[in-house]
Amino acid sequence: MTAPLNPPNTKPSIILGIESSCDDTAAAILCDGKILANITASQTVHEQYGGVVPELASRAHQSNIIPVIEMALKKAEITSSDLAAIAVTQGPGLMGSLLVGTNVAKGLCIAHQLPMVGVNHLEAHVAALFIDNPVELPMLCLLVSGGHTQIILVRSMLDMEIVGTTQDDAAGEAFDKAAKLMGLGYPGGPMVDRLAKEGNPESYSFPDSQTEGLNFSFSGIKTSLLYFLRDQQKLNPQFIENNINHVCASYQRQIIVSLMKRMNKAILQYKPASIGLSGGVSANSELRNTWLELGKKHNVPAWIPAFEYCTDNAAMVAMAGYQKYLQGNFTPLSALPFARNKH
């Protein structure tokens with residue numbers, strides 16, 4: 001019996017994902033849509049500065065990226081010769097950090113004759129929702145991170161439209177700023193979340209900025225907290241120390257109220273089949289609980305990624321890259337990373 005002229009391709013599609021947009025160096029292995037390994041090396045050098053120092057971040061990426069990739073390959077029990085493509089975060093992010101990831105990806109593509117798939121970091125956060133979740137489309141995604149706050153209409157993983165965005169600061173930045181004002185260190189969001197659990201969210205009042213449509217603004221609440229703490233400390237120098245749980249709870253509640261106010265409007269306007277929460281701030285415990293209640297209120301499935309896929313990670317890059325790979329949507333090796341979002 002002769003073999004068919006065009007035998008079916010039964011080789012699995014194995015994607016290496018690389019993420020280095022900020023201060024986490026990450027690599028993941030995805031096989032036909034399933035995550036086999038997801039390794040992240042976090043950088044602690046920035047804590048003493050209260051924020052990410054770009055030069056230190058890029059240096060740490062250079063030290064971490066090859067060991068992280070090797071760990072991912074080992075955990076997935078594969079070698080570089082098994083790969084079908086390499087997906088890498090192309091932007092937005094810190095240029096120095098992005099260059100480390102993209103240059104390593106290009107080198108591996110040349111060495112192993114593999115196609116490269118450049119991935120938008122924000123689209124990767126949306127793709128995190130599709131890992132292990134049977135997401136219904138169209139979906140309205142609330143992407144909340146340290147650098148971005150957006151409402152995205154997701155018709156497919158390759159068809160997304162931003163329908164609401166922040167006009168100034170991101171929600172994650174507002175959390176980090178609050179933590180810095182109260183001497184909690186960096187990253188501040190998780191600390192505010194932890195302290196808020198022991199506080200009364202009705203203790204103090206903070207404003208919700210007035211914006212048009214589905215847009216957000218968080219510069220006002222940051223400024224109001226600054227003045228509030230200044231005035232209270234004039235009356236009582238130990239105010240922050242004695243009331244930090246209540247301040248965190250009240251401040252966090254108002255940020256979440258602001259987010260939910262716009263999402264409520266978006267759901268009524270677009271009538272999605274499901275809603276999804278993504279980005280680093282999606283790890284916030286009160287936001288996660290409030291998100292599930294929002295889904296119940298509108299009778300739509302409310303998806304949230306597993307904790308390991310909330311903050312910057314390579315699994316989401318691999319998932320986003322896999323969808324482009326299936327469409328043959330490859331990136332030329334001459335392509336450059338971009339620090340700011342292009343679309």
# chains A, B, ... in the order shown; residues from 1 in each chain; ligands from 1
$ select_by_dssp --residues "stretch 57-97 of chain A" --states "helix (DSSP H, G or I)" --output "PyMOL selection string"
chain A and resi 57-76+80-82+95-97
$ write_last_selection --atoms "N, CA and C atoms" --output "PDB file, in the first residue's frame"
ATOM      1  N   ALA A  57      16.630  46.377  35.666  1.00  0.00           N
ATOM      2  CA  ALA A  57      15.730  45.341  35.152  1.00  0.00           C
ATOM      3  C   ALA A  57      16.343  44.639  33.939  1.00  0.00           C
ATOM      4  N   SER A  58      16.878  45.416  32.998  1.00  0.00           N
ATOM      5  CA  SER A  58      17.441  44.801  31.793  1.00  0.00           C
ATOM      6  C   SER A  58      18.665  43.951  32.125  1.00  0.00           C
ATOM      7  N   ARG A  59      19.465  44.392  33.091  1.00  0.00           N
ATOM      8  CA  ARG A  59      20.627  43.593  33.484  1.00  0.00           C
ATOM      9  C   ARG A  59      20.194  42.270  34.100  1.00  0.00           C
ATOM     10  N   ALA A  60      19.167  42.321  34.944  1.00  0.00           N
ATOM     11  CA  ALA A  60      18.685  41.091  35.569  1.00  0.00           C
ATOM     12  C   ALA A  60      18.100  40.134  34.531  1.00  0.00           C
ATOM     13  N   HIS A  61      17.415  40.686  33.528  1.00  0.00           N
ATOM     14  CA  HIS A  61      16.886  39.836  32.450  1.00  0.00           C
ATOM     15  C   HIS A  61      18.024  39.083  31.742  1.00  0.00           C
ATOM     16  N   GLN A  62      19.120  39.779  31.499  1.00  0.00           N
ATOM     17  CA  GLN A  62      20.248  39.141  30.820  1.00  0.00           C
ATOM     18  C   GLN A  62      20.788  37.960  31.621  1.00  0.00           C
ATOM     19  N   SER A  63      20.772  38.092  32.929  1.00  0.00           N
ATOM     20  CA  SER A  63      21.261  37.003  33.780  1.00  0.00           C
ATOM     21  C   SER A  63      20.259  35.852  33.889  1.00  0.00           C
ATOM     22  N   ASN A  64      18.970  36.192  33.842  1.00  0.00           N
ATOM     23  CA  ASN A  64      17.936  35.190  34.140  1.00  0.00           C
ATOM     24  C   ASN A  64      17.387  34.448  32.929  1.00  0.00           C
ATOM     25  N   ILE A  65      17.427  35.067  31.748  1.00  0.00           N
ATOM     26  CA  ILE A  65      16.586  34.563  30.663  1.00  0.00           C
ATOM     27  C   ILE A  65      16.989  33.173  30.164  1.00  0.00           C
ATOM     28  N   ILE A  66      18.283  32.906  29.994  1.00  0.00           N
ATOM     29  CA  ILE A  66      18.683  31.586  29.505  1.00  0.00           C
ATOM     30  C   ILE A  66      18.376  30.497  30.539  1.00  0.00           C
ATOM     31  N   PRO A  67      18.714  30.676  31.828  1.00  0.00           N
ATOM     32  CA  PRO A  67      18.333  29.654  32.819  1.00  0.00           C
ATOM     33  C   PRO A  67      16.831  29.425  32.894  1.00  0.00           C
ATOM     34  N   VAL A  68      16.035  30.478  32.764  1.00  0.00           N
ATOM     35  CA  VAL A  68      14.581  30.327  32.830  1.00  0.00           C
ATOM     36  C   VAL A  68      14.068  29.505  31.646  1.00  0.00           C
ATOM     37  N   ILE A  69      14.585  29.779  30.462  1.00  0.00           N
ATOM     38  CA  ILE A  69      14.183  29.006  29.276  1.00  0.00           C
ATOM     39  C   ILE A  69      14.583  27.538  29.438  1.00  0.00           C
ATOM     40  N   GLU A  70      15.788  27.313  29.913  1.00  0.00           N
ATOM     41  CA  GLU A  70      16.250  25.926  30.111  1.00  0.00           C
ATOM     42  C   GLU A  70      15.395  25.198  31.134  1.00  0.00           C
ATOM     43  N   MET A  71      14.982  25.887  32.191  1.00  0.00           N
ATOM     44  CA  MET A  71      14.114  25.280  33.197  1.00  0.00           C
ATOM     45  C   MET A  71      12.755  24.914  32.616  1.00  0.00           C
ATOM     46  N   ALA A  72      12.223  25.785  31.756  1.00  0.00           N
ATOM     47  CA  ALA A  72      10.926  25.518  31.134  1.00  0.00           C
ATOM     48  C   ALA A  72      10.997  24.297  30.215  1.00  0.00           C
ATOM     49  N   LEU A  73      12.051  24.226  29.416  1.00  0.00           N
ATOM     50  CA  LEU A  73      12.224  23.076  28.520  1.00  0.00           C
ATOM     51  C   LEU A  73      12.365  21.786  29.325  1.00  0.00           C
ATOM     52  N   LYS A  74      13.121  21.858  30.410  1.00  0.00           N
ATOM     53  CA  LYS A  74      13.333  20.666  31.241  1.00  0.00           C
ATOM     54  C   LYS A  74      12.039  20.213  31.896  1.00  0.00           C
ATOM     55  N   LYS A  75      11.268  21.166  32.432  1.00  0.00           N
ATOM     56  CA  LYS A  75      10.017  20.805  33.086  1.00  0.00           C
ATOM     57  C   LYS A  75       9.028  20.207  32.098  1.00  0.00           C
ATOM     58  N   ALA A  76       9.024  20.714  30.865  1.00  0.00           N
ATOM     59  CA  ALA A  76       8.115  20.200  29.841  1.00  0.00           C
ATOM     60  C   ALA A  76       8.626  18.903  29.219  1.00  0.00           C
ATOM     61  N   SER A  80      14.884  21.975  22.426  1.00  0.00           N
ATOM     62  CA  SER A  80      14.643  23.049  21.455  1.00  0.00           C
ATOM     63  C   SER A  80      14.257  22.505  20.087  1.00  0.00           C
ATOM     64  N   SER A  81      14.728  21.317  19.753  1.00  0.00           N
ATOM     65  CA  SER A  81      14.422  20.723  18.443  1.00  0.00           C
ATOM     66  C   SER A  81      12.951  20.328  18.320  1.00  0.00           C
ATOM     67  N   ASP A  82      12.223  20.272  19.446  1.00  0.00           N
ATOM     68  CA  ASP A  82      10.801  19.920  19.408  1.00  0.00           C
ATOM     69  C   ASP A  82       9.902  21.122  19.152  1.00  0.00           C
ATOM     70  N   MET A  95      11.898  49.403  27.164  1.00  0.00           N
ATOM     71  CA  MET A  95      12.632  49.062  25.950  1.00  0.00           C
ATOM     72  C   MET A  95      13.836  48.161  26.232  1.00  0.00           C
ATOM     73  N   GLY A  96      14.614  48.482  27.249  1.00  0.00           N
ATOM     74  CA  GLY A  96      15.777  47.658  27.563  1.00  0.00           C
ATOM     75  C   GLY A  96      15.410  46.233  27.897  1.00  0.00           C
ATOM     76  N   SER A  97      14.333  46.065  28.636  1.00  0.00           N
ATOM     77  CA  SER A  97      13.873  44.726  28.999  1.00  0.00           C
ATOM     78  C   SER A  97      13.350  43.969  27.785  1.00  0.00           C
TER      79      SER A  97
END
$ closest_residue --among "A:Asn341, A:Asn284, A:Ser224, A:Gln150" --to "A:Ala196" --atoms "only C-alpha atoms"
A:Asn284
$ closest_atom_pairs --of "stretch 192-226 of chain A" --to "stretch 250-269 of chain A" --cutoff "7 Å" --atoms "only C-alpha atoms" --output "JSON lines"
{"residue": "A:Asn200", "atom": "CA", "partner": "A:Ser250", "partner_atom": "CA", "distance": 6.8}
{"residue": "A:Pro201", "atom": "CA", "partner": "A:Ser250", "partner_atom": "CA", "distance": 3.9}
{"residue": "A:Glu202", "atom": "CA", "partner": "A:Ser250", "partner_atom": "CA", "distance": 6.0}
{"residue": "A:Ser203", "atom": "CA", "partner": "A:Ser250", "partner_atom": "CA", "distance": 6.2}
{"residue": "A:Tyr204", "atom": "CA", "partner": "A:Ser250", "partner_atom": "CA", "distance": 5.7}
{"residue": "A:Ser205", "atom": "CA", "partner": "A:Ser250", "partner_atom": "CA", "distance": 6.7}
{"residue": "A:Phe206", "atom": "CA", "partner": "A:Gln254", "partner_atom": "CA", "distance": 6.4}
{"residue": "A:Asp208", "atom": "CA", "partner": "A:Ser258", "partner_atom": "CA", "distance": 6.2}
{"residue": "A:Leu214", "atom": "CA", "partner": "A:Arg262", "partner_atom": "CA", "distance": 5.3}
$ select_by_dssp --residues "stretch 267-301 of chain A" --states "strand (DSSP E or B)" --output "number ranges by chain"
A: 274-278
$ write_last_selection --atoms "N, CA and C atoms" --output "compact mmCIF listing (two decimals), in the first residue's frame"
# COMPACT_ATOMS: atom_id res chain seq x y z
N SER A 274 -19.92 36.80 27.85
CA SER A 274 -19.18 36.56 29.09
C SER A 274 -18.35 37.79 29.40
N ILE A 275 -17.80 37.83 30.62
CA ILE A 275 -16.90 38.91 30.99
C ILE A 275 -15.62 38.28 31.56
N GLY A 276 -14.49 38.97 31.36
CA GLY A 276 -13.22 38.43 31.83
C GLY A 276 -12.39 39.51 32.51
N LEU A 277 -11.73 39.15 33.59
CA LEU A 277 -10.86 40.04 34.35
C LEU A 277 -9.42 39.60 34.18
N SER A 278 -8.51 40.50 33.80
CA SER A 278 -7.13 40.10 33.58
C SER A 278 -6.19 41.23 33.99
$ atom_distance --atom1 "atom CA of A:Arg194" --atom2 "atom CA of A:Ala179"
11.5 Å
$ closest_residue --among "A:Ala85, A:Ala28, A:Leu99, A:Ile15" --to "A:Phe338" --atoms "only C-alpha atoms"
A:Leu99
$ closest_atom_pairs --of "stretch 123-222 of chain A" --to "stretch 305-324 of chain A" --cutoff "7 Å" --atoms "only C-alpha atoms" --output "tab-separated table"
residue	atom	partner	partner_atom	distance
A:Ala124	CA	A:Met316	CA	5.1
A:His125	CA	A:Met316	CA	6.2
A:Ala127	CA	A:Ala320	CA	5.4
A:Ala128	CA	A:Met316	CA	4.6
A:Leu129	CA	A:Pro305	CA	5.2
$ residues_around --residues "stretch 328-331 of chain A" --least-positions-apart "3" --cutoff "9 Å" --atoms "only C-alpha atoms" --output "list in words"
Pro115, Met116, Val117, Gly118, Gly321, Gln323, Lys324, Tyr325, Ser334 and Ala335 of chain A
$ write_last_selection --atoms "N, CA and C atoms" --output "PDB file, in the first residue's frame"
ATOM      1  N   PRO A 115      10.004  29.947  13.143  1.00  0.00           N
ATOM      2  CA  PRO A 115       9.343  31.242  12.968  1.00  0.00           C
ATOM      3  C   PRO A 115       9.181  31.947  14.322  1.00  0.00           C
ATOM      4  N   MET A 116       9.206  33.264  14.293  1.00  0.00           N
ATOM      5  CA  MET A 116       8.988  34.061  15.506  1.00  0.00           C
ATOM      6  C   MET A 116       7.614  34.702  15.450  1.00  0.00           C
ATOM      7  N   VAL A 117       6.937  34.745  16.594  1.00  0.00           N
ATOM      8  CA  VAL A 117       5.633  35.376  16.699  1.00  0.00           C
ATOM      9  C   VAL A 117       5.729  36.496  17.733  1.00  0.00           C
ATOM     10  N   GLY A 118       5.664  37.734  17.272  1.00  0.00           N
ATOM     11  CA  GLY A 118       5.669  38.868  18.191  1.00  0.00           C
ATOM     12  C   GLY A 118       4.297  39.045  18.810  1.00  0.00           C
ATOM     13  N   GLY A 321       0.567  33.748  21.268  1.00  0.00           N
ATOM     14  CA  GLY A 321       1.398  33.392  20.123  1.00  0.00           C
ATOM     15  C   GLY A 321       0.885  32.174  19.389  1.00  0.00           C
ATOM     16  N   GLN A 323      -2.208  31.260  18.930  1.00  0.00           N
ATOM     17  CA  GLN A 323      -3.311  31.623  18.043  1.00  0.00           C
ATOM     18  C   GLN A 323      -2.801  32.250  16.748  1.00  0.00           C
ATOM     19  N   LYS A 324      -1.769  33.088  16.849  1.00  0.00           N
ATOM     20  CA  LYS A 324      -1.182  33.673  15.649  1.00  0.00           C
ATOM     21  C   LYS A 324      -0.465  32.613  14.818  1.00  0.00           C
ATOM     22  N   TYR A 325       0.178  31.680  15.503  1.00  0.00           N
ATOM     23  CA  TYR A 325       0.884  30.594  14.815  1.00  0.00           C
ATOM     24  C   TYR A 325      -0.084  29.776  13.969  1.00  0.00           C
ATOM     25  N   SER A 334      13.483  41.064  11.546  1.00  0.00           N
ATOM     26  CA  SER A 334      13.942  42.451  11.511  1.00  0.00           C
ATOM     27  C   SER A 334      13.064  43.370  12.365  1.00  0.00           C
ATOM     28  N   ALA A 335      11.923  42.845  12.853  1.00  0.00           N
ATOM     29  CA  ALA A 335      10.991  43.663  13.633  1.00  0.00           C
ATOM     30  C   ALA A 335      11.613  44.099  14.952  1.00  0.00           C
TER      31      ALA A 335
END
$ closest_residue --among "A:Leu114, A:Ile221, A:Met139, A:Ile29" --to "A:Trp303" --atoms "only C-alpha atoms"
A:Met139
$ atom_distance --atom1 "atom CA of A:Val281" --atom2 "atom CA of A:Lys297"
21.7 Å
